[in-house]
$ cat data.txt   # compact mmCIF, C-alpha atoms
# COMPACT_ATOMS: atom_id res chain seq x y z
CA MET A 28 -6.80 -4.21 -41.90
CA ARG A 29 -8.40 -2.37 -44.75
CA ARG A 30 -6.92 -2.82 -48.19
CA CYS A 31 -5.48 0.34 -49.69
CA LEU A 32 -6.19 1.58 -53.17
CA ALA A 33 -4.20 0.18 -56.05
CA LEU A 34 -3.21 2.53 -58.87
CA VAL A 35 -2.28 2.59 -62.53
CA ALA A 36 -1.22 5.24 -65.04
CA VAL A 37 -3.12 3.94 -68.05
CA ALA A 38 -5.31 6.97 -68.60
CA SER A 39 -2.57 9.55 -68.17
CA ALA A 40 -0.24 7.55 -70.38
CA VAL A 41 -2.69 7.44 -73.27
CA PHE A 42 -5.11 10.38 -73.07
CA ALA A 43 -4.49 13.52 -71.04
CA ALA A 44 -8.05 14.83 -71.33
CA GLY A 45 -10.21 15.55 -68.30
CA VAL A 46 -12.66 12.84 -67.35
CA PHE A 47 -15.78 14.60 -66.15
CA ALA A 48 -17.72 17.56 -67.38
CA ALA A 49 -19.57 17.95 -64.07
CA GLU A 50 -18.85 20.76 -61.65
CA PRO A 51 -16.73 19.63 -58.66
CA ALA A 52 -19.25 21.13 -56.20
CA GLU A 53 -21.95 18.63 -57.15
CA MET A 54 -22.54 15.84 -54.65
CA TYR A 55 -24.10 12.44 -55.24
CA GLU A 56 -25.41 9.46 -53.32
CA LEU A 57 -24.48 5.90 -54.24
CA SER A 58 -26.77 3.07 -53.22
CA GLY A 59 -25.91 -0.48 -54.12
CA GLN A 60 -26.88 -4.08 -53.66
CA VAL A 61 -24.61 -7.11 -53.60
CA VAL A 62 -26.11 -10.16 -55.31
CA PRO A 63 -26.38 -12.80 -53.99
CA ALA A 64 -27.26 -11.04 -50.76
CA MET A 65 -24.65 -11.15 -48.03
CA GLY A 66 -23.48 -9.13 -45.10
CA ALA A 67 -20.24 -7.43 -46.12
CA ARG A 68 -17.82 -4.65 -45.35
CA VAL A 69 -17.92 -2.22 -48.28
CA SER A 70 -15.07 0.23 -48.87
CA LEU A 71 -14.93 3.04 -51.39
CA PHE A 72 -11.63 4.53 -52.61
CA GLY A 73 -10.97 7.52 -54.84
CA THR A 74 -8.91 6.50 -57.86
CA SER A 75 -7.35 9.87 -58.70
CA THR A 76 -7.64 11.88 -55.47
CA PRO A 77 -7.08 10.87 -51.83
CA PHE A 78 -10.37 9.58 -50.41
CA SER A 79 -11.70 6.54 -48.61
CA ALA A 80 -14.94 5.61 -46.87
CA GLU A 81 -16.40 2.46 -45.40
CA THR A 82 -19.83 1.12 -44.59
CA ILE A 83 -21.58 -2.20 -43.96
CA ALA A 84 -23.90 -3.99 -46.36
CA ASP A 85 -26.88 -5.43 -44.53
CA LEU A 86 -28.01 -9.04 -44.80
CA THR A 87 -30.01 -8.17 -47.93
CA GLY A 88 -26.81 -6.87 -49.53
CA HIS A 89 -27.77 -3.19 -49.55
CA PHE A 90 -25.33 -0.37 -48.78
CA ARG A 91 -25.09 3.40 -49.27
CA PHE A 92 -22.53 6.19 -49.51
CA LYS A 93 -23.49 9.87 -49.36
CA LYS A 94 -21.89 13.18 -50.37
CA LEU A 95 -19.68 11.83 -53.13
CA ARG A 96 -17.97 14.07 -55.63
CA PRO A 97 -18.05 13.23 -59.34
CA GLY A 98 -15.31 10.85 -60.37
CA LEU A 99 -14.20 7.25 -60.48
CA TYR A 100 -14.06 5.11 -57.37
CA THR A 101 -12.95 1.60 -56.53
CA LEU A 102 -15.58 -0.34 -54.63
CA ALA A 103 -14.29 -3.23 -52.48
CA ILE A 104 -16.69 -5.80 -51.01
CA PHE A 105 -15.33 -8.03 -48.24
CA ASN A 106 -17.19 -11.02 -46.82
CA ARG A 107 -15.46 -13.32 -44.34
CA ARG A 108 -16.69 -16.45 -46.05
CA ARG A 109 -16.09 -15.44 -49.66
CA GLY A 110 -13.21 -12.96 -49.55
CA GLU A 111 -12.95 -9.65 -51.40
CA ALA A 112 -14.24 -8.49 -54.79
CA ARG A 113 -13.58 -5.16 -56.52
CA ARG A 114 -15.33 -3.05 -59.14
CA THR A 115 -14.87 0.42 -60.56
CA VAL A 116 -17.84 2.75 -60.05
CA GLU A 117 -18.42 6.03 -61.85
CA ILE A 118 -20.17 8.87 -60.05
CA GLY A 119 -21.54 11.62 -62.25
CA PRO A 120 -24.66 13.35 -63.65
CA ALA A 121 -25.30 11.00 -66.58
CA LEU A 122 -25.82 8.06 -64.23
CA ALA A 123 -27.78 9.91 -61.52
CA ASP A 124 -31.47 10.62 -61.14
CA SER A 125 -32.89 14.12 -60.63
CA LYS A 126 -31.95 13.99 -56.95
CA GLY A 127 -28.34 12.98 -57.56
CA ARG A 128 -28.83 9.35 -56.62
CA ILE A 129 -27.02 6.52 -58.38
CA SER A 130 -28.08 2.90 -57.96
CA ILE A 131 -26.00 -0.14 -58.86
CA LYS A 132 -26.36 -3.89 -58.53
CA LEU A 133 -23.24 -6.02 -58.18
CA ASP A 134 -23.86 -9.56 -59.40
CA LEU A 135 -20.78 -11.29 -58.01
CA GLN A 136 -19.63 -14.83 -58.79
CA ASP A 137 -17.21 -16.95 -56.78
CA ALA A 138 -14.48 -16.20 -59.34
CA ASP A 139 -14.81 -12.48 -58.56
CA PHE A 140 -13.53 -12.97 -55.02
CA VAL A 141 -9.99 -13.28 -53.73
CA PHE A 142 -10.03 -15.25 -50.53
CA ALA A 143 -6.90 -16.62 -48.87
CA SER A 144 -4.59 -13.62 -48.91
CA THR A 145 -7.50 -11.22 -48.49
CA LEU A 146 -8.70 -12.98 -45.36
CA ALA A 147 -5.20 -12.83 -43.94
CA ARG A 148 -5.19 -9.06 -44.40
CA HIS A 149 -8.39 -8.63 -42.44
CA LEU A 150 -7.26 -10.76 -39.51
CA VAL A 151 -4.57 -9.92 -36.98
CA SER A 152 -1.24 -11.38 -38.15
CA THR A 153 2.00 -11.93 -36.27
CA ARG A 154 3.54 -9.07 -38.23
CA GLN A 155 0.64 -6.80 -37.29
CA LEU A 156 0.96 -7.67 -33.62
CA ALA A 157 4.50 -6.27 -33.69
CA ILE A 158 3.27 -2.83 -34.76
CA PRO A 159 2.90 -0.46 -31.80
CA ALA A 160 -0.63 0.57 -30.89
CA ALA A 161 0.30 4.22 -31.41
CA ALA A 162 1.28 3.53 -35.03
CA THR A 163 -1.98 1.67 -35.62
CA ARG A 164 -3.91 4.63 -34.20
CA ASP A 165 -2.09 6.94 -36.57
CA TYR A 166 -3.03 4.70 -39.49
CA GLN A 167 -6.67 4.67 -38.40
CA GLU A 168 -6.68 8.46 -38.01
CA ALA A 169 -5.22 8.75 -41.51
CA GLN A 170 -8.18 6.77 -42.90
CA LYS A 171 -10.56 9.17 -41.15
CA GLU A 172 -8.73 12.14 -42.68
CA LEU A 173 -9.04 10.55 -46.10
CA GLY A 174 -12.77 10.27 -45.49
CA ARG A 175 -12.72 14.04 -44.96
CA ARG A 176 -10.59 14.41 -48.13
CA ASP A 177 -7.72 15.90 -46.16
CA GLY A 178 -4.75 14.21 -47.78
CA ASP A 179 -2.16 16.41 -46.07
CA ALA A 180 -3.43 15.49 -42.62
CA ALA A 181 -3.53 11.83 -43.61
CA VAL A 182 0.11 11.99 -44.74
CA LYS A 183 1.19 13.43 -41.38
CA HIS A 184 -0.44 10.56 -39.52
CA LEU A 185 1.00 7.96 -41.89
CA GLU A 186 4.51 9.41 -41.72
CA HIS A 187 4.33 9.29 -37.93
CA ALA A 188 3.08 5.69 -38.15
CA VAL A 189 6.07 4.53 -40.22
CA GLU A 190 8.41 6.51 -37.99
CA LEU A 191 7.11 4.49 -35.05
CA ALA A 192 6.97 1.24 -37.04
CA PRO A 193 9.20 1.13 -40.15
CA GLN A 194 7.82 -2.38 -40.86
CA PHE A 195 4.25 -1.03 -41.22
CA SER A 196 3.68 -2.12 -44.81
CA ALA A 197 0.07 -0.93 -45.10
CA ALA A 198 1.04 2.57 -43.92
CA TRP A 199 3.87 2.74 -46.45
CA ASN A 200 1.44 1.63 -49.14
CA SER A 201 -1.05 4.33 -48.18
CA LEU A 202 1.71 6.94 -48.33
CA GLY A 203 2.60 5.67 -51.78
CA VAL A 204 -1.00 5.87 -52.95
CA ILE A 205 -1.35 9.50 -51.83
CA ALA A 206 2.01 10.41 -53.37
CA TYR A 207 0.92 8.82 -56.65
CA GLN A 208 -2.41 10.62 -56.64
CA THR A 209 -0.62 13.94 -56.10
CA ARG A 210 1.85 13.09 -58.92
CA LYS A 211 4.87 12.68 -56.67
CA TYR A 212 5.88 9.54 -58.53
CA GLY A 213 9.40 9.26 -57.17
CA ARG A 214 8.10 9.38 -53.62
CA ALA A 215 5.36 6.90 -54.51
CA GLU A 216 7.92 4.42 -55.83
CA GLU A 217 10.01 4.81 -52.69
CA CYS A 218 7.00 4.15 -50.44
CA PHE A 219 5.78 1.15 -52.42
CA ARG A 220 9.27 -0.37 -52.36
CA LYS A 221 9.44 0.07 -48.59
CA ALA A 222 6.01 -1.57 -48.30
CA VAL A 223 7.12 -4.57 -50.39
CA GLU A 224 10.34 -4.90 -48.38
CA ALA A 225 8.38 -4.76 -45.11
CA ASP A 226 5.88 -7.42 -46.17
CA PRO A 227 6.62 -9.24 -49.46
CA ALA A 228 3.36 -11.20 -49.10
CA LEU A 229 1.16 -8.10 -49.27
CA TYR A 230 -0.35 -7.79 -52.74
CA GLU A 231 -1.30 -4.10 -52.91
CA PRO A 232 2.20 -2.57 -52.84
CA LEU A 233 3.34 -5.15 -55.41
CA VAL A 234 0.69 -4.18 -57.96
CA ASN A 235 1.12 -0.51 -57.08
CA LEU A 236 4.85 -0.79 -57.70
CA GLY A 237 4.00 -2.23 -61.09
CA GLY A 238 1.88 0.85 -61.78
CA VAL A 239 4.36 3.51 -60.67
CA THR A 240 7.36 1.95 -62.43
CA LEU A 241 5.23 1.89 -65.57
CA THR A 242 4.47 5.60 -65.10
CA LEU A 243 8.20 6.28 -64.67
CA HIS A 244 8.97 4.30 -67.87
CA LYS A 245 11.01 1.75 -65.95
CA PHE A 246 9.70 -0.97 -68.22
CA ASP A 247 11.93 -3.82 -67.03
CA ASP A 248 10.76 -3.28 -63.45
CA ALA A 249 7.18 -2.77 -64.59
CA MET A 250 7.22 -6.03 -66.53
CA ASN A 251 8.60 -7.90 -63.53
CA TYR A 252 6.11 -6.55 -60.98
CA ASN A 253 3.07 -6.73 -63.25
CA LEU A 254 3.84 -10.29 -64.34
CA ARG A 255 4.15 -11.24 -60.68
CA ALA A 256 0.86 -9.51 -59.89
CA VAL A 257 -1.01 -11.32 -62.67
CA PHE A 258 0.53 -14.62 -61.63
CA GLU A 259 -0.61 -14.06 -58.05
CA ARG A 260 -4.09 -12.78 -58.98
CA PRO A 261 -5.02 -13.71 -62.54
CA ASN A 262 -8.53 -12.29 -62.05
CA ASP A 263 -7.40 -8.83 -60.93
CA ALA A 264 -8.42 -6.28 -63.56
CA LEU A 265 -5.78 -3.80 -62.38
CA ALA A 266 -2.90 -6.24 -62.74
CA ASN A 267 -4.08 -7.38 -66.17
CA SER A 268 -4.49 -3.81 -67.39
CA GLN A 269 -1.06 -2.76 -66.16
CA LEU A 270 0.56 -5.79 -67.74
CA GLY A 271 -1.27 -5.05 -70.99
CA LEU A 272 -0.04 -1.47 -70.99
CA THR A 273 3.48 -2.63 -70.20
CA TYR A 274 3.41 -4.88 -73.27
CA TYR A 275 1.96 -1.97 -75.26
CA SER A 276 4.79 0.27 -74.10
CA VAL A 277 7.46 -2.17 -75.32
CA GLY A 278 5.72 -2.83 -78.63
CA GLN A 279 4.34 -6.33 -77.98
CA LEU A 280 0.84 -5.55 -79.19
CA ASP A 281 -0.63 -9.05 -79.36
CA LEU A 282 0.16 -9.63 -75.70
CA ALA A 283 -1.07 -6.15 -74.89
CA VAL A 284 -4.45 -6.95 -76.46
CA LYS A 285 -4.66 -10.25 -74.56
CA TYR A 286 -4.31 -8.68 -71.13
CA LEU A 287 -6.24 -5.49 -71.86
CA GLU A 288 -9.18 -7.52 -73.14
CA ARG A 289 -9.01 -9.59 -69.97
CA ALA A 290 -9.06 -6.44 -67.85
CA ARG A 291 -12.08 -5.16 -69.75
CA GLN A 292 -13.92 -8.44 -69.15
CA LEU A 293 -13.13 -8.43 -65.43
CA ASP A 294 -14.09 -4.80 -64.77
CA PRO A 295 -15.86 -3.15 -67.74
CA ALA A 296 -15.85 0.31 -66.11
CA SER A 297 -12.25 -0.02 -64.93
CA PHE A 298 -10.57 3.24 -63.98
CA THR A 299 -7.56 2.00 -65.95
CA TYR A 300 -9.49 2.58 -69.21
CA PRO A 301 -8.34 -0.53 -71.11
CA GLN A 302 -10.64 0.43 -73.99
CA MET A 303 -8.51 3.51 -74.62
CA VAL A 304 -5.34 1.51 -75.15
CA LEU A 305 -7.18 -1.08 -77.24
CA PHE A 306 -8.48 1.79 -79.38
CA GLN A 307 -4.90 2.94 -79.96
CA ILE A 308 -3.84 -0.56 -81.01
CA HIS A 309 -6.79 -1.22 -83.30
CA SER A 310 -6.40 2.22 -84.90
CA ARG A 311 -2.72 1.61 -85.52
CA ARG A 312 -3.58 -1.67 -87.21
CA GLY A 313 -6.28 -0.11 -89.36
CA GLU A 314 -8.99 -2.17 -87.65
CA ARG A 315 -11.66 0.53 -87.81
CA SER A 316 -14.62 -1.54 -86.69
CA ALA A 317 -12.77 -2.79 -83.61
CA ALA A 318 -11.53 0.74 -82.83
CA ALA A 319 -15.07 2.12 -83.03
CA ALA A 320 -16.32 -0.70 -80.80
CA ASP A 321 -13.65 0.16 -78.22
CA LEU A 322 -14.87 3.75 -77.98
CA GLU A 323 -18.52 2.71 -77.91
CA ASP A 324 -17.83 0.34 -75.06
CA PHE A 325 -15.89 3.05 -73.24
CA LEU A 326 -18.76 5.56 -73.47
CA THR A 327 -21.24 2.94 -72.27
CA HIS A 328 -19.38 2.80 -68.96
CA HIS A 329 -18.12 6.41 -68.84
CA PRO A 330 -20.94 8.60 -70.19
CA ASP A 331 -19.64 11.68 -68.34
CA TRP A 332 -16.31 11.69 -70.19
CA ALA A 333 -15.58 15.36 -70.91
CA GLN A 334 -14.77 14.74 -74.58
CA ALA A 335 -17.68 12.38 -75.22
CA ALA A 336 -18.99 14.49 -78.12
CA LYS A 337 -15.65 14.36 -79.94
CA MET A 338 -15.43 10.66 -79.24
CA ARG A 339 -18.82 10.11 -80.86
CA GLU A 340 -17.64 12.01 -83.92
CA THR A 341 -14.62 9.72 -84.08
CA ILE A 342 -16.89 6.68 -83.84
CA ALA A 343 -19.10 7.99 -86.66
CA ASN A 344 -16.06 8.62 -88.87
CA LEU A 345 -14.68 5.15 -88.18
CA ARG A 346 -18.01 3.54 -88.99
CA ALA A 347 -18.37 5.58 -92.18
CA GLU A 348 -14.94 4.52 -93.42
CA GLN A 349 -15.56 0.78 -93.05

$ encode --input "data.txt" --output "structure tokens"
Amino acid sequence: MRRCLALVAVASAVFAAGVFAAEPAEMYELSGQVVPAMGARVSLFGTSTPFSAETIADLTGHFRFKKLRPGLYTLAIFNRRRGEARRTVEIGPALADSKGRISIKLDLQDADFVFASTLARHLVSTRQLAIPAAATRDYQEAQKELGRRDGDAAVKHLEHAVELAPQFSAAWNSLGVIAYQTRKYGRAEECFRKAVEADPALYEPLVNLGGVTLTLHKFDDAMNYNLRAVFERPNDALANSQLGLTYYSVGQLDLAVKYLERARQLDPASFTYPQMVLFQIHSRRGERSAAAADLEDFLTHHPDWAQAAKMRETIANLRAEQ
């Protein structure tokens, strides 16, 4: 079963500015190549709005998605032998050619993949066998609606799925993701908790619960869930970023830097924007060179940031004051 999108509130908790200067009507094409070449299932998830799509990478590792709106997406690559790897991808005019095409190459190492628990998700489990076929069909229809960017229709299918099968953890998680993306944080927390209760072994609702409790300033819960997530997947950029922001929120800045830097290393373009929080910390400490470097690194990976010009002014001022 397809993994659902994991979320975090880092950007909204630190900067409230819009991300992209591009007009929403613009559409782009993403073509990519997985290196080393492998056949793989490639999924694309919207990070801030309900959307999902799926395609297959051929044996040379090439894949393509069409008609994408500007924004940030999570790209998930699943290979039965290696497991699943994830990267954040930005879609926008600064990265596209004159025809709106964006090309990326994903050079993936063994350490980038999660295998055991990922493989279990993609195979039929005993728990999955207990879910009625009608509920599974509703879940599959919801994914199709997300591909059409119809979140409301997806919610109807998912709500019917959990009505038929209250133990359907993946459906609860999807409901939580959509609720989070539409800023219904209380509902998102409720759904993620139900998903964790239904299947404590499923990773996505655990890390998502860490994100939503952080958004709701429930820092004790956030610390618990995000520590558990990092312990379970130490190479997950999302978990590291959320744990870093949790430490930032409770004033433990050294630990915040440790995990935010790790998140930046794992996924430099991460939709959690670890550079933004690191900038706040380095600025607070009077570390101007490091603060400027944070913003420079951020703009390298997010050139379509709506306030890029102001950010460059900030960088120039920081460099001038060294």

$ atom_distance --input "data.txt" --atom1 "atom CA of Tyr286 of chain A" --atom2 "atom CA of Phe298 of chain A"
15.2 Å

$ residues_around --input "data.txt" --residues "segment 190-197 of chain A" --least-positions-apart "4" --cutoff "10 Å" --atoms "all atoms listed in the file" --output "PyMOL selection string"
chain A and resi 28-31+148+154-155+157-163+165-166+184-186+201-203+218-227+229+231-232

$ write_last_selection --input "data.txt" --atoms "C-alpha atoms" --output "PDB file, in the frame of the given file"
ATOM      1  CA  MET A  28      -6.800  -4.210 -41.900  1.00  0.00           C
ATOM      2  CA  ARG A  29      -8.400  -2.370 -44.750  1.00  0.00           C
ATOM      3  CA  ARG A  30      -6.920  -2.820 -48.190  1.00  0.00           C
ATOM      4  CA  CYS A  31      -5.480   0.340 -49.690  1.00  0.00           C
ATOM      5  CA  ARG A 148      -5.190  -9.060 -44.400  1.00  0.00           C
ATOM      6  CA  ARG A 154       3.540  -9.070 -38.230  1.00  0.00           C
ATOM      7  CA  GLN A 155       0.640  -6.800 -37.290  1.00  0.00           C
ATOM      8  CA  ALA A 157       4.500  -6.270 -33.690  1.00  0.00           C
ATOM      9  CA  ILE A 158       3.270  -2.830 -34.760  1.00  0.00           C
ATOM     10  CA  PRO A 159       2.900  -0.460 -31.800  1.00  0.00           C
ATOM     11  CA  ALA A 160      -0.630   0.570 -30.890  1.00  0.00           C
ATOM     12  CA  ALA A 161       0.300   4.220 -31.410  1.00  0.00           C
ATOM     13  CA  ALA A 162       1.280   3.530 -35.030  1.00  0.00           C
ATOM     14  CA  THR A 163      -1.980   1.670 -35.620  1.00  0.00           C
ATOM     15  CA  ASP A 165      -2.090   6.940 -36.570  1.00  0.00           C
ATOM     16  CA  TYR A 166      -3.030   4.700 -39.490  1.00  0.00           C
ATOM     17  CA  HIS A 184      -0.440  10.560 -39.520  1.00  0.00           C
ATOM     18  CA  LEU A 185       1.000   7.960 -41.890  1.00  0.00           C
ATOM     19  CA  GLU A 186       4.510   9.410 -41.720  1.00  0.00           C
ATOM     20  CA  SER A 201      -1.050   4.330 -48.180  1.00  0.00           C
ATOM     21  CA  LEU A 202       1.710   6.940 -48.330  1.00  0.00           C
ATOM     22  CA  GLY A 203       2.600   5.670 -51.780  1.00  0.00           C
ATOM     23  CA  CYS A 218       7.000   4.150 -50.440  1.00  0.00           C
ATOM     24  CA  PHE A 219       5.780   1.150 -52.420  1.00  0.00           C
ATOM     25  CA  ARG A 220       9.270  -0.370 -52.360  1.00  0.00           C
ATOM     26  CA  LYS A 221       9.440   0.070 -48.590  1.00  0.00           C
ATOM     27  CA  ALA A 222       6.010  -1.570 -48.300  1.00  0.00           C
ATOM     28  CA  VAL A 223       7.120  -4.570 -50.390  1.00  0.00           C
ATOM     29  CA  GLU A 224      10.340  -4.900 -48.380  1.00  0.00           C
ATOM     30  CA  ALA A 225       8.380  -4.760 -45.110  1.00  0.00           C
ATOM     31  CA  ASP A 226       5.880  -7.420 -46.170  1.00  0.00           C
ATOM     32  CA  PRO A 227       6.620  -9.240 -49.460  1.00  0.00           C
ATOM     33  CA  LEU A 229       1.160  -8.100 -49.270  1.00  0.00           C
ATOM     34  CA  GLU A 231      -1.300  -4.100 -52.910  1.00  0.00           C
ATOM     35  CA  PRO A 232       2.200  -2.570 -52.840  1.00  0.00           C
TER      36      PRO A 232
END

$ closest_residue --input "data.txt" --among "A:Leu57, A:Val69, A:Val277, A:Ala123" --to "Phe92 of chain A" --atoms "all atoms listed in the file"
A:Leu57

$ atom_distance --input "data.txt" --atom1 "atom CA of Val239 of chain A" --atom2 "atom CA of Tyr212 of chain A"
6.6 Å

$ closest_residue --input "data.txt" --among "A:Gly213, A:Gly271, A:Pro97, A:Pro261" --to "His329 of chain A" --atoms "all atoms listed in the file"
A:Pro97

$ residues_around --input "data.txt" --residues "Leu272 of chain A" --least-positions-apart "6" --cutoff "12 Å" --atoms "only C-alpha atoms" --output "PyMOL selection string"
chain A and resi 35-41+237-238+240-242+244+246+249-250+253-254+265-266+278-288+290+299-305+307-308

$ residues_around --input "data.txt" --residues "segment 310-323 of chain A" --least-positions-apart "3" --cutoff "7 Å" --atoms "all atoms listed in the file" --output "list in words"
Gln302, Leu305, Phe306, Gln307, Leu326, Thr327, Ile342, Leu345, Arg346 and Gln349 of chain A

$ atom_distance --input "data.txt" --atom1 "atom CA of Val189 of chain A" --atom2 "atom CA of Val257 of chain A"
28.4 Å

$ closest_residue --input "data.txt" --among "A:Asp85, A:Asp294, A:Glu340, A:Asp324" --to "Asp139 of chain A" --atoms "all atoms listed in the file"
A:Asp294

$ decode --input "data.txt" --residues "segment 245-321 of chain A" --atoms "C-alpha atoms" --output "PDB file, in the first residue's frame"
ATOM      1  CA  LYS A 245       1.930  20.315  22.687  1.00  0.00           C
ATOM      2  CA  PHE A 246       5.661  20.126  23.206  1.00  0.00           C
ATOM      3  CA  ASP A 247       5.756  17.157  25.592  1.00  0.00           C
ATOM      4  CA  ASP A 248       3.842  15.042  23.086  1.00  0.00           C
ATOM      5  CA  ALA A 249       5.881  16.422  20.199  1.00  0.00           C
ATOM      6  CA  MET A 250       9.132  15.543  21.949  1.00  0.00           C
ATOM      7  CA  ASN A 251       7.911  12.017  22.627  1.00  0.00           C
ATOM      8  CA  TYR A 252       6.713  11.275  19.087  1.00  0.00           C
ATOM      9  CA  ASN A 253       9.616  12.957  17.310  1.00  0.00           C
ATOM     10  CA  LEU A 254      12.211  11.213  19.475  1.00  0.00           C
ATOM     11  CA  ARG A 255      10.511   7.912  18.688  1.00  0.00           C
ATOM     12  CA  ALA A 256      10.476   8.742  14.978  1.00  0.00           C
ATOM     13  CA  VAL A 257      14.192   9.586  14.906  1.00  0.00           C
ATOM     14  CA  PHE A 258      14.994   6.457  16.887  1.00  0.00           C
ATOM     15  CA  GLU A 259      13.042   4.353  14.393  1.00  0.00           C
ATOM     16  CA  ARG A 260      14.413   6.109  11.292  1.00  0.00           C
ATOM     17  CA  PRO A 261      17.575   8.071  12.067  1.00  0.00           C
ATOM     18  CA  ASN A 262      18.017   8.913   8.373  1.00  0.00           C
ATOM     19  CA  ASP A 263      14.570  10.453   7.899  1.00  0.00           C
ATOM     20  CA  ALA A 264      14.954  14.170   7.199  1.00  0.00           C
ATOM     21  CA  LEU A 265      11.391  14.896   8.317  1.00  0.00           C
ATOM     22  CA  ALA A 266      11.820  13.280  11.729  1.00  0.00           C
ATOM     23  CA  ASN A 267      15.157  15.015  12.298  1.00  0.00           C
ATOM     24  CA  SER A 268      13.754  18.393  11.305  1.00  0.00           C
ATOM     25  CA  GLN A 269      10.711  18.043  13.542  1.00  0.00           C
ATOM     26  CA  LEU A 270      12.850  16.970  16.473  1.00  0.00           C
ATOM     27  CA  GLY A 271      15.168  19.917  15.838  1.00  0.00           C
ATOM     28  CA  LEU A 272      12.258  22.339  15.828  1.00  0.00           C
ATOM     29  CA  THR A 273      10.874  20.759  18.983  1.00  0.00           C
ATOM     30  CA  TYR A 274      14.190  21.392  20.734  1.00  0.00           C
ATOM     31  CA  TYR A 275      14.169  24.930  19.311  1.00  0.00           C
ATOM     32  CA  SER A 276      10.675  25.491  20.683  1.00  0.00           C
ATOM     33  CA  VAL A 277      11.720  24.507  24.227  1.00  0.00           C
ATOM     34  CA  GLY A 278      14.940  26.521  24.114  1.00  0.00           C
ATOM     35  CA  GLN A 279      17.485  23.703  23.732  1.00  0.00           C
ATOM     36  CA  LEU A 280      19.351  25.321  20.869  1.00  0.00           C
ATOM     37  CA  ASP A 281      22.428  23.093  20.709  1.00  0.00           C
ATOM     38  CA  LEU A 282      20.262  20.023  20.226  1.00  0.00           C
ATOM     39  CA  ALA A 283      18.100  21.934  17.781  1.00  0.00           C
ATOM     40  CA  VAL A 284      21.160  22.705  15.644  1.00  0.00           C
ATOM     41  CA  LYS A 285      22.277  19.064  15.765  1.00  0.00           C
ATOM     42  CA  TYR A 286      19.058  17.675  14.322  1.00  0.00           C
ATOM     43  CA  LEU A 287      18.328  20.532  11.930  1.00  0.00           C
ATOM     44  CA  GLU A 288      21.806  20.211  10.433  1.00  0.00           C
ATOM     45  CA  ARG A 289      21.195  16.488  10.055  1.00  0.00           C
ATOM     46  CA  ALA A 290      17.907  17.171   8.267  1.00  0.00           C
ATOM     47  CA  ARG A 291      19.643  19.593   5.921  1.00  0.00           C
ATOM     48  CA  GLN A 292      22.287  16.994   5.080  1.00  0.00           C
ATOM     49  CA  LEU A 293      19.699  14.289   4.405  1.00  0.00           C
ATOM     50  CA  ASP A 294      17.403  16.395   2.211  1.00  0.00           C
ATOM     51  CA  PRO A 295      18.932  19.780   1.247  1.00  0.00           C
ATOM     52  CA  ALA A 296      15.714  21.017  -0.395  1.00  0.00           C
ATOM     53  CA  SER A 297      13.516  19.727   2.432  1.00  0.00           C
ATOM     54  CA  PHE A 298      10.039  21.221   2.561  1.00  0.00           C
ATOM     55  CA  THR A 299      10.579  21.594   6.308  1.00  0.00           C
ATOM     56  CA  TYR A 300      13.056  24.438   5.640  1.00  0.00           C
ATOM     57  CA  PRO A 301      15.658  23.567   8.302  1.00  0.00           C
ATOM     58  CA  GLN A 302      17.831  26.430   7.041  1.00  0.00           C
ATOM     59  CA  MET A 303      15.196  28.903   8.209  1.00  0.00           C
ATOM     60  CA  VAL A 304      15.302  27.704  11.799  1.00  0.00           C
ATOM     61  CA  LEU A 305      19.104  27.506  11.745  1.00  0.00           C
ATOM     62  CA  PHE A 306      19.119  31.114  10.520  1.00  0.00           C
ATOM     63  CA  GLN A 307      17.019  32.114  13.522  1.00  0.00           C
ATOM     64  CA  ILE A 308      19.407  30.365  15.910  1.00  0.00           C
ATOM     65  CA  HIS A 309      22.596  31.730  14.364  1.00  0.00           C
ATOM     66  CA  SER A 310      21.121  35.242  14.243  1.00  0.00           C
ATOM     67  CA  ARG A 311      20.141  35.038  17.894  1.00  0.00           C
ATOM     68  CA  ARG A 312      23.680  34.019  18.759  1.00  0.00           C
ATOM     69  CA  GLY A 313      25.228  36.803  16.704  1.00  0.00           C
ATOM     70  CA  GLU A 314      26.839  34.310  14.321  1.00  0.00           C
ATOM     71  CA  ARG A 315      26.442  36.459  11.212  1.00  0.00           C
ATOM     72  CA  SER A 316      28.535  34.390   8.830  1.00  0.00           C
ATOM     73  CA  ALA A 317      26.640  31.208   9.697  1.00  0.00           C
ATOM     74  CA  ALA A 318      23.292  33.029   9.431  1.00  0.00           C
ATOM     75  CA  ALA A 319      24.195  34.338   5.973  1.00  0.00           C
ATOM     76  CA  ALA A 320      25.297  30.858   4.906  1.00  0.00           C
ATOM     77  CA  ASP A 321      21.942  29.452   6.042  1.00  0.00           C
TER      78      ASP A 321
END
